[in-house]
$ cat final-v4.cif   # mmCIF, C-alpha atoms
data_input
loop_
_atom_site.label_atom_id
_atom_site.label_comp_id
_atom_site.auth_asym_id
_atom_site.auth_seq_id
_atom_site.Cartn_x
_atom_site.Cartn_y
_atom_site.Cartn_z
CA MET A 80 -119.20 175.61 33.49
CA THR A 81 -117.75 178.16 31.06
CA PRO A 82 -119.08 181.65 31.81
CA LEU A 83 -120.75 183.81 29.21
CA VAL A 84 -119.80 187.43 28.65
CA ALA A 85 -121.96 190.47 27.93
CA VAL A 86 -121.00 194.08 27.24
CA PRO A 87 -124.11 196.23 27.87
CA ASN A 88 -123.87 199.94 27.02
CA VAL A 89 -126.09 202.48 28.75
CA SER A 90 -126.82 206.07 27.72
CA GLU A 91 -125.49 207.67 30.89
CA GLY A 92 -121.94 208.83 31.52
CA ARG A 93 -122.28 211.57 34.13
CA ASP A 94 -124.51 210.46 37.00
CA LEU A 95 -122.30 208.06 38.96
CA ALA A 96 -125.07 207.20 41.42
CA ALA A 97 -127.27 206.07 38.54
CA LEU A 98 -124.41 204.03 37.09
CA ASP A 99 -123.77 202.41 40.46
CA ALA A 100 -127.45 201.47 40.72
CA ILE A 101 -127.49 200.00 37.21
CA GLY A 102 -124.31 198.09 37.98
CA ALA A 103 -125.89 196.72 41.17
CA ALA A 104 -128.84 195.50 39.10
CA PHE A 105 -126.50 193.72 36.67
CA ALA A 106 -124.70 192.21 39.68
CA THR A 107 -127.84 190.41 40.88
CA HIS A 108 -127.18 187.63 38.35
CA ALA A 109 -123.66 188.26 36.99
CA ASP A 110 -120.22 189.49 37.98
CA VAL A 111 -119.50 193.08 36.92
CA LEU A 112 -115.81 192.88 36.02
CA HIS A 113 -115.34 196.35 34.54
CA ARG A 114 -117.10 199.65 33.92
CA SER A 115 -116.03 202.72 32.00
CA GLU A 116 -117.94 205.96 31.58
CA ASP A 117 -117.45 209.10 29.51
CA ALA A 118 -119.23 212.39 30.13
CA ASP A 119 -118.83 213.73 26.58
CA HIS A 120 -120.10 210.55 24.93
CA HIS A 121 -122.63 210.41 27.83
CA ARG A 122 -122.31 206.67 27.87
CA ALA A 123 -121.06 203.84 30.07
CA VAL A 124 -119.92 200.36 29.13
CA TYR A 125 -120.08 197.40 31.51
CA PHE A 126 -118.31 194.07 31.17
CA LEU A 127 -120.25 191.19 32.71
CA ALA A 128 -119.55 187.50 33.16
CA GLY A 129 -122.29 185.08 34.15
CA GLU A 130 -123.49 181.54 33.87
CA PRO A 131 -125.67 180.32 31.00
CA GLY A 132 -129.29 180.66 32.01
CA GLN A 133 -128.44 183.50 34.41
CA LEU A 134 -126.72 186.19 32.34
CA HIS A 135 -129.94 187.14 30.56
CA LEU A 136 -131.55 187.86 33.94
CA ALA A 137 -128.73 190.28 34.73
CA LEU A 138 -129.30 192.11 31.44
CA ALA A 139 -133.04 192.37 32.07
CA ALA A 140 -132.46 193.68 35.61
CA GLY A 141 -130.03 196.26 34.26
CA ALA A 142 -132.50 197.29 31.57
CA ALA A 143 -135.16 197.96 34.20
CA ALA A 144 -132.73 199.94 36.35
CA ALA A 145 -131.59 201.99 33.35
CA ALA A 146 -135.20 202.73 32.36
CA ALA A 147 -135.89 204.01 35.87
CA ARG A 148 -132.87 206.33 35.94
CA ILE A 149 -132.30 207.53 32.36
CA ASP A 150 -134.68 209.73 30.39
CA LEU A 151 -133.67 209.91 26.73
CA ARG A 152 -135.96 212.90 26.22
CA ARG A 153 -133.40 214.96 28.17
CA HIS A 154 -130.29 213.17 26.95
CA GLU A 155 -127.49 215.07 25.21
CA GLY A 156 -124.30 213.23 24.28
CA LEU A 157 -122.02 212.58 21.34
CA HIS A 158 -122.65 208.86 21.04
CA PRO A 159 -125.56 207.70 18.84
CA ARG A 160 -128.27 205.87 20.80
CA VAL A 161 -131.85 204.63 20.75
CA GLY A 162 -132.15 203.33 24.29
CA ALA A 163 -131.32 203.80 27.96
CA LEU A 164 -129.88 200.30 27.83
CA ASP A 165 -128.76 200.98 24.29
CA VAL A 166 -127.06 197.73 23.32
CA ALA A 167 -126.84 194.41 25.15
CA PRO A 168 -124.62 192.03 23.18
CA VAL A 169 -123.79 188.56 24.47
CA VAL A 170 -120.22 187.89 23.37
CA TYR A 171 -118.66 184.59 22.38
CA LEU A 172 -114.90 184.40 22.58
CA ASP A 173 -114.52 181.47 20.19
CA ASP A 174 -116.67 179.48 17.80
CA ALA A 175 -117.34 176.83 20.44
CA GLY A 176 -119.27 179.38 22.50
CA ARG A 177 -121.37 180.73 19.66
CA GLY A 178 -124.42 178.53 20.23
CA ALA A 179 -124.61 179.28 23.95
CA ALA A 180 -124.27 183.01 23.27
CA ILE A 181 -127.09 182.94 20.71
CA ALA A 182 -129.36 181.11 23.13
CA GLU A 183 -128.60 183.54 25.95
CA ALA A 184 -129.07 186.58 23.71
CA LEU A 185 -132.52 185.40 22.68
CA LEU A 186 -133.42 184.80 26.33
CA ALA A 187 -132.16 188.31 27.11
CA ALA A 188 -134.24 189.83 24.32
CA ASP A 189 -137.36 188.14 25.67
CA ALA A 190 -136.61 189.11 29.28
CA ILE A 191 -135.86 192.75 28.43
CA GLY A 192 -139.05 192.90 26.39
CA ALA A 193 -140.94 191.61 29.42
CA GLN A 194 -139.72 194.72 31.28
CA GLY A 195 -141.75 196.86 28.86
CA ILE A 196 -138.82 197.82 26.62
CA PRO A 197 -139.01 196.93 22.91
CA VAL A 198 -136.03 194.94 21.66
CA PHE A 199 -134.53 194.93 18.18
CA LEU A 200 -132.10 192.20 17.19
CA TYR A 201 -129.05 193.14 15.13
CA GLY A 202 -126.13 191.38 13.52
CA GLU A 203 -126.47 187.68 12.91
CA LEU A 204 -129.70 187.44 14.91
CA GLY A 205 -131.19 190.39 13.02
CA ASP A 206 -130.49 189.06 9.52
CA GLY A 207 -127.43 191.31 9.23
CA ARG A 208 -129.18 194.49 10.32
CA THR A 209 -126.66 196.86 11.91
CA ARG A 210 -126.74 199.07 14.97
CA ALA A 211 -126.13 202.07 12.73
CA GLU A 212 -129.25 201.29 10.68
CA LEU A 213 -131.40 201.02 13.79
CA ARG A 214 -129.93 204.16 15.38
CA ARG A 215 -130.35 206.37 12.32
CA GLY A 216 -132.22 209.45 13.50
CA GLY A 217 -132.19 208.29 17.13
CA PRO A 218 -135.35 207.10 18.90
CA ALA A 219 -137.54 209.43 16.81
CA GLY A 220 -136.10 208.04 13.58
CA LEU A 221 -136.60 204.46 14.73
CA ALA A 222 -140.22 205.19 15.66
CA ALA A 223 -140.91 207.04 12.41
CA ARG A 224 -139.69 204.13 10.28
CA GLY A 225 -142.25 201.87 11.92
CA THR A 226 -139.89 198.91 12.10
CA PRO A 227 -141.58 196.35 14.36
CA PRO A 228 -139.51 195.21 17.35
CA ASP A 229 -138.60 191.55 17.71
CA TYR A 230 -139.59 191.37 21.38
CA GLY A 231 -141.55 193.44 23.85
CA PRO A 232 -144.14 196.16 23.26
CA ARG A 233 -144.75 197.60 19.79
CA GLU A 234 -144.12 201.21 20.88
CA LEU A 235 -140.89 202.70 22.18
CA HIS A 236 -140.67 203.16 25.95
CA PRO A 237 -141.38 206.87 26.60
CA ARG A 238 -138.23 207.35 28.69
CA ALA A 239 -136.00 204.43 27.80
CA GLY A 240 -136.56 204.00 24.05
CA ALA A 241 -135.52 200.55 22.85
CA ALA A 242 -132.72 198.05 23.43
CA LEU A 243 -130.58 196.45 20.73
CA VAL A 244 -129.54 192.83 21.36
CA ALA A 245 -127.08 190.57 19.55
CA ALA A 246 -124.77 187.60 19.89
CA ARG A 247 -121.35 188.43 18.47
CA PRO A 248 -117.59 187.99 18.79
CA PRO A 249 -115.61 190.65 20.70
CA LEU A 250 -116.00 194.19 19.36
CA ILE A 251 -113.04 196.48 20.00
CA ALA A 252 -114.18 199.98 21.00
CA PHE A 253 -111.05 202.01 20.40
CA ASN A 254 -110.52 205.79 20.41
CA LEU A 255 -107.52 207.72 19.10
CA GLU A 256 -106.70 211.24 20.29
CA LEU A 257 -105.20 213.42 17.59
CA ALA A 258 -102.30 215.67 18.50
CA PRO A 259 -102.94 219.44 18.30
CA PRO A 260 -103.56 221.41 16.19
CA ALA A 261 -105.89 218.81 14.68
CA THR A 262 -109.47 219.97 14.09
CA LEU A 263 -112.86 218.30 14.08
CA ASP A 264 -112.82 218.47 10.30
CA ASP A 265 -109.51 216.58 10.33
CA ALA A 266 -110.99 213.86 12.53
CA ARG A 267 -114.09 213.53 10.36
CA ARG A 268 -111.99 213.34 7.20
CA ILE A 269 -109.73 210.65 8.69
CA ALA A 270 -112.70 208.65 9.98
CA ALA A 271 -114.34 208.73 6.54
CA ALA A 272 -111.12 207.55 4.91
CA ILE A 273 -110.32 204.61 7.19
CA ARG A 274 -113.77 203.19 7.88
CA ALA A 275 -115.02 200.21 5.89
CA GLY A 276 -116.08 201.50 2.48
CA GLY A 277 -113.86 204.59 2.75
CA ALA A 278 -110.97 205.53 0.51
CA GLU A 279 -108.56 203.49 2.65
CA GLY A 280 -111.30 201.21 3.94
CA LEU A 281 -110.23 198.90 6.77
CA PRO A 282 -112.60 195.90 6.73
CA GLY A 283 -115.05 195.78 9.60
CA VAL A 284 -113.98 199.16 10.99
CA ARG A 285 -116.54 201.85 11.83
CA ALA A 286 -115.27 205.31 12.63
CA LEU A 287 -116.48 208.78 13.62
CA GLY A 288 -114.62 212.06 14.02
CA LEU A 289 -115.54 213.83 17.28
CA HIS A 290 -114.61 216.78 19.46
CA LEU A 291 -114.94 216.10 23.20
CA PRO A 292 -115.58 219.50 24.80
CA GLY A 293 -115.10 218.30 28.37
CA ARG A 294 -111.50 217.30 27.64
CA ASP A 295 -111.00 219.56 24.61
CA VAL A 296 -109.87 216.51 22.64
CA VAL A 297 -110.25 215.81 18.93
CA GLN A 298 -110.83 212.09 18.55
CA VAL A 299 -111.25 209.41 15.93
CA SER A 300 -113.64 206.98 17.61
CA THR A 301 -113.68 203.48 16.12
CA ASN A 302 -115.22 200.05 16.47
CA ILE A 303 -113.21 197.10 15.16
CA GLU A 304 -115.56 194.23 14.37
CA ASP A 305 -112.91 191.53 13.82
CA HIS A 306 -109.59 192.05 15.59
CA ARG A 307 -108.18 188.96 13.88
CA THR A 308 -108.42 190.80 10.56
CA VAL A 309 -107.66 194.36 11.71
CA THR A 310 -105.76 195.01 14.94
CA THR A 311 -105.69 198.22 16.96
CA THR A 312 -102.16 198.74 15.65
CA ALA A 313 -103.41 198.64 12.06
CA VAL A 314 -106.00 201.32 12.86
CA LEU A 315 -103.35 203.41 14.61
CA ARG A 316 -101.07 203.25 11.57
CA ALA A 317 -103.91 204.23 9.25
CA VAL A 318 -104.74 207.29 11.36
CA GLN A 319 -101.07 208.21 11.72
CA GLY A 320 -100.89 208.31 7.94
CA HIS A 321 -102.94 211.51 8.23
CA ARG A 322 -102.18 213.06 11.61
CA PRO A 323 -99.99 212.32 14.66
CA VAL A 324 -101.79 210.43 17.45
CA ARG A 325 -101.15 211.72 20.98
CA ALA A 326 -102.81 208.85 22.88
CA ALA A 327 -105.36 206.06 22.52
CA GLU A 328 -107.83 204.23 24.72
CA LEU A 329 -109.77 200.99 24.83
CA VAL A 330 -113.27 201.60 26.13
CA ALA A 331 -113.83 198.02 27.32
CA PRO A 332 -111.74 194.89 27.86
CA ALA A 333 -110.41 193.34 24.65
CA PRO A 334 -108.67 190.09 23.75
CA GLU A 335 -104.89 190.25 24.12
CA ALA A 336 -104.49 189.49 20.40
CA ALA A 337 -106.21 192.78 19.53
CA LEU A 338 -103.14 194.67 20.78
CA ALA A 339 -100.54 192.75 18.79
CA GLY A 340 -97.66 194.99 17.76
CA TRP A 341 -98.75 198.07 19.73
CA PRO A 342 -95.86 200.59 19.76
CA GLN A 343 -94.43 201.71 23.08
CA ASP A 344 -94.24 205.36 22.03
CA VAL A 345 -98.04 205.86 21.88
CA PRO A 346 -99.71 205.91 25.34
CA LEU A 347 -102.64 203.48 25.55
CA ARG A 348 -105.23 203.68 28.33
CA MET A 349 -106.85 200.30 28.76
CA PRO A 350 -108.46 197.95 31.26
CA ALA A 351 -107.17 194.45 31.84
CA SER A 352 -107.64 192.05 28.93
CA ILE A 353 -110.64 189.75 28.67
CA GLU A 354 -108.38 186.79 29.39
CA ALA A 355 -107.00 188.40 32.54
CA LEU A 356 -110.41 189.41 33.88
CA LEU A 357 -111.95 186.00 33.33
CA GLY A 358 -108.86 184.28 34.71
CA ALA A 359 -109.11 186.27 37.95
CA ARG A 360 -112.86 185.74 38.33
#

$ encode --input "final-v4.cif" --output "structure tokens"
Amino acid sequence: MTPLVAVPNVSEGRDLAALDAIGAAFATHADVLHRSEDADHHRAVYFLAGEPGQLHLALAAGAAAAAARIDLRRHEGLHPRVGALDVAPVVYLDDAGRGAAIAEALLAADAIGAQGIPVFLYGELGDGRTRAELRRGGPAGLAARGTPPDYGPRELHPRAGAALVAARPPLIAFNLELAPPATLDDARRIAAAIRAGGAEGLPGVRALGLHLPGRDVVQVSTNIEDHRTVTTTAVLRAVQGHRPVRAAELVAPAPEAALAGWPQDVPLRMPASIEALLGAR
């Protein structure tokens, strides 16, 4: 049976014991093949593989563990968020897996809601609604807008907020470190130029300019929604048109095709590819 993949993100990047406990909860019904965490973003990303009919149970178990260990009322981090388990996308690697991913995502939404955490669908399952729309203003903004959740209780969880669930193709979370003496204003200006809708708009690319105080790094943080249209190399070249890039990183496993043409002179920190991880499972 072909495994399904999920890439849950949690709003914790500093407490390793909490992240281990959340990972153990995911592991009750899925294989945890990778985890990355970042203290400045205050966020961790897990890469799970599980069987249809089981993966949604892993996501619900992780949601409960995250709610028990993360209190958004005391959360401070650079990454936008509305939940302890902030996003829980089920990922299909090709069109043949789309139907199974949609079914599992809906099961996950229902199961997470049953844990007392309201769930909002986004992307295709949410009639095109985006994560950015739902996260605008954080948990307080989501509550103030009065948007009814698709699953679970009507009110946000007091500690854990809400969870965002989708079925989608791979999303490439990709950060580029600008070489000194780049400033935060430089990063913000570059992000505004290259993101979809910007002056040099790359289709399906979302971008933010950030300063990471823990590492004293100025970063252009991007999400690439369709690596078949825009590769990591294309994003690199766009950023290099403004400022030199000292290094780059992939936050989570990506398809090998997303790295087509990557130059050897720019260091790239990355986990194993999706194909390699699933092949070794």

$ atom_distance --input "final-v4.cif" --atom1 "CA of Val284 (chain A)" --atom2 "CA of Asp305 (chain A)"
8.2 Å

$ residues_around --input "final-v4.cif" --residues "region 96-105 of chain A" --least-positions-apart "6" --cutoff "7 Å" --atoms "only C-alpha atoms" --output "PDB file with C-alpha atoms, in the frame of the given file"
ATOM      1  CA  ALA A 137    -128.730 190.280  34.730  1.00  0.00           C
ATOM      2  CA  LEU A 138    -129.300 192.110  31.440  1.00  0.00           C
ATOM      3  CA  ALA A 140    -132.460 193.680  35.610  1.00  0.00           C
ATOM      4  CA  GLY A 141    -130.030 196.260  34.260  1.00  0.00           C
ATOM      5  CA  ALA A 144    -132.730 199.940  36.350  1.00  0.00           C
ATOM      6  CA  ALA A 145    -131.590 201.990  33.350  1.00  0.00           C
ATOM      7  CA  ARG A 148    -132.870 206.330  35.940  1.00  0.00           C
TER       8      ARG A 148
END

$ residues_around --input "final-v4.cif" --residues "Pro159 (chain A)" --least-positions-apart "4" --cutoff "9 Å" --atoms "all atoms listed in the file" --output "number ranges by chain"
A: 120, 211, 214-217

$ closest_residue --input "final-v4.cif" --among "A:Gly220, A:Ala242, A:Thr209, A:Ala163" --to "Ala187 (chain A)" --atoms "all atoms listed in the file"
A:Ala242

$ atom_distance --input "final-v4.cif" --atom1 "CA of Arg322 (chain A)" --atom2 "CA of Arg285 (chain A)"
18.2 Å

$ residues_around --input "final-v4.cif" --residues "region 335-351 of chain A" --least-positions-apart "2" --cutoff "12 Å" --atoms "only C-alpha atoms" --output "PyMOL selection string"
chain A and resi 112-115+124-126+172+249-258+302-316+319+323-333+353-359

$ closest_residue --input "final-v4.cif" --among "A:Ala143, A:His108, A:Asp229, A:Ala85" --to "Ile191 (chain A)" --atoms "all atoms listed in the file"
A:Ala143

$ resolve_selection --input "final-v4.cif" --expression "the PyMOL selection byres ((chain A and resi 93) around 9)" --output "PyMOL selection string"
chain A and resi 91-92+94-98+116-119+121-123

$ write_last_selection --input "final-v4.cif" --atoms "C-alpha atoms" --output "tab-separated table (two decimals), keeping the file's coordinate frame"
chain	number	residue	atom	x	y	z
A	91	GLU	CA	-125.49	207.67	30.89
A	92	GLY	CA	-121.94	208.83	31.52
A	94	ASP	CA	-124.51	210.46	37.00
A	95	LEU	CA	-122.30	208.06	38.96
A	96	ALA	CA	-125.07	207.20	41.42
A	97	ALA	CA	-127.27	206.07	38.54
A	98	LEU	CA	-124.41	204.03	37.09
A	116	GLU	CA	-117.94	205.96	31.58
A	117	ASP	CA	-117.45	209.10	29.51
A	118	ALA	CA	-119.23	212.39	30.13
A	119	ASP	CA	-118.83	213.73	26.58
A	121	HIS	CA	-122.63	210.41	27.83
A	122	ARG	CA	-122.31	206.67	27.87
A	123	ALA	CA	-121.06	203.84	30.07

$ residues_near_point --input "final-v4.cif" --point "(-122.0, 187.0, 31.8)" --cutoff "7 Å" --atoms "all atoms listed in the file" --output "list in words"
Pro82, Leu83, Val84, Ala85, Ala109, Asp110, Leu127, Ala128, Gly129, Glu130 and Leu134 of chain A

$ atom_distance --input "final-v4.cif" --atom1 "CA of Gly288 (chain A)" --atom2 "CA of Pro259 (chain A)"
14.5 Å

$ closest_residue --input "final-v4.cif" --among "A:Arg160, A:Arg247, A:His321, A:Arg233" --to "Asp265 (chain A)" --atoms "only C-alpha atoms"
A:His321

$ residues_around --input "final-v4.cif" --residues "Leu200 (chain A)" --least-positions-apart "6" --cutoff "6 Å" --atoms "all atoms listed in the file" --output "list in words"
Leu243, Val244 and Ala245 of chain A

$ residues_around --input "final-v4.cif" --residues "Ile269 (chain A)" --least-positions-apart "5" --cutoff "10 Å" --atoms "all atoms listed in the file" --output "PyMOL selection string"
chain A and resi 263-264+274+277-279+286-288+299+317-322

$ closest_residue --input "final-v4.cif" --among "A:Leu136, A:Pro248, A:Tyr230, A:Val296" --to "Ala261 (chain A)" --atoms "all atoms listed in the file"
A:Val296

$ resolve_selection --input "final-v4.cif" --expression "the PyMOL selection byres ((chain A and resi 199) around 10)" --output "number ranges by chain"
A: 166, 188, 192, 196-198, 200-201, 204-205, 208, 210, 213, 226-231, 241-245

$ write_last_selection --input "final-v4.cif" --atoms "C-alpha atoms" --output "mmCIF file, in the frame of the given file"
data_model
loop_
_atom_site.group_PDB
_atom_site.id
_atom_site.type_symbol
_atom_site.label_atom_id
_atom_site.label_comp_id
_atom_site.auth_asym_id
_atom_site.auth_seq_id
_atom_site.Cartn_x
_atom_site.Cartn_y
_atom_site.Cartn_z
ATOM 1 C CA VAL A 166 -127.060 197.730 23.320
ATOM 2 C CA ALA A 188 -134.240 189.830 24.320
ATOM 3 C CA GLY A 192 -139.050 192.900 26.390
ATOM 4 C CA ILE A 196 -138.820 197.820 26.620
ATOM 5 C CA PRO A 197 -139.010 196.930 22.910
ATOM 6 C CA VAL A 198 -136.030 194.940 21.660
ATOM 7 C CA LEU A 200 -132.100 192.200 17.190
ATOM 8 C CA TYR A 201 -129.050 193.140 15.130
ATOM 9 C CA LEU A 204 -129.700 187.440 14.910
ATOM 10 C CA GLY A 205 -131.190 190.390 13.020
ATOM 11 C CA ARG A 208 -129.180 194.490 10.320
ATOM 12 C CA ARG A 210 -126.740 199.070 14.970
ATOM 13 C CA LEU A 213 -131.400 201.020 13.790
ATOM 14 C CA THR A 226 -139.890 198.910 12.100
ATOM 15 C CA PRO A 227 -141.580 196.350 14.360
ATOM 16 C CA PRO A 228 -139.510 195.210 17.350
ATOM 17 C CA ASP A 229 -138.600 191.550 17.710
ATOM 18 C CA TYR A 230 -139.590 191.370 21.380
ATOM 19 C CA GLY A 231 -141.550 193.440 23.850
ATOM 20 C CA ALA A 241 -135.520 200.550 22.850
ATOM 21 C CA ALA A 242 -132.720 198.050 23.430
ATOM 22 C CA LEU A 243 -130.580 196.450 20.730
ATOM 23 C CA VAL A 244 -129.540 192.830 21.360
ATOM 24 C CA ALA A 245 -127.080 190.570 19.550
#

$ closest_residue --input "final-v4.cif" --among "A:Val86, A:Val161, A:Ala246, A:Ala167" --to "Glu212 (chain A)" --atoms "all atoms listed in the file"
A:Val161
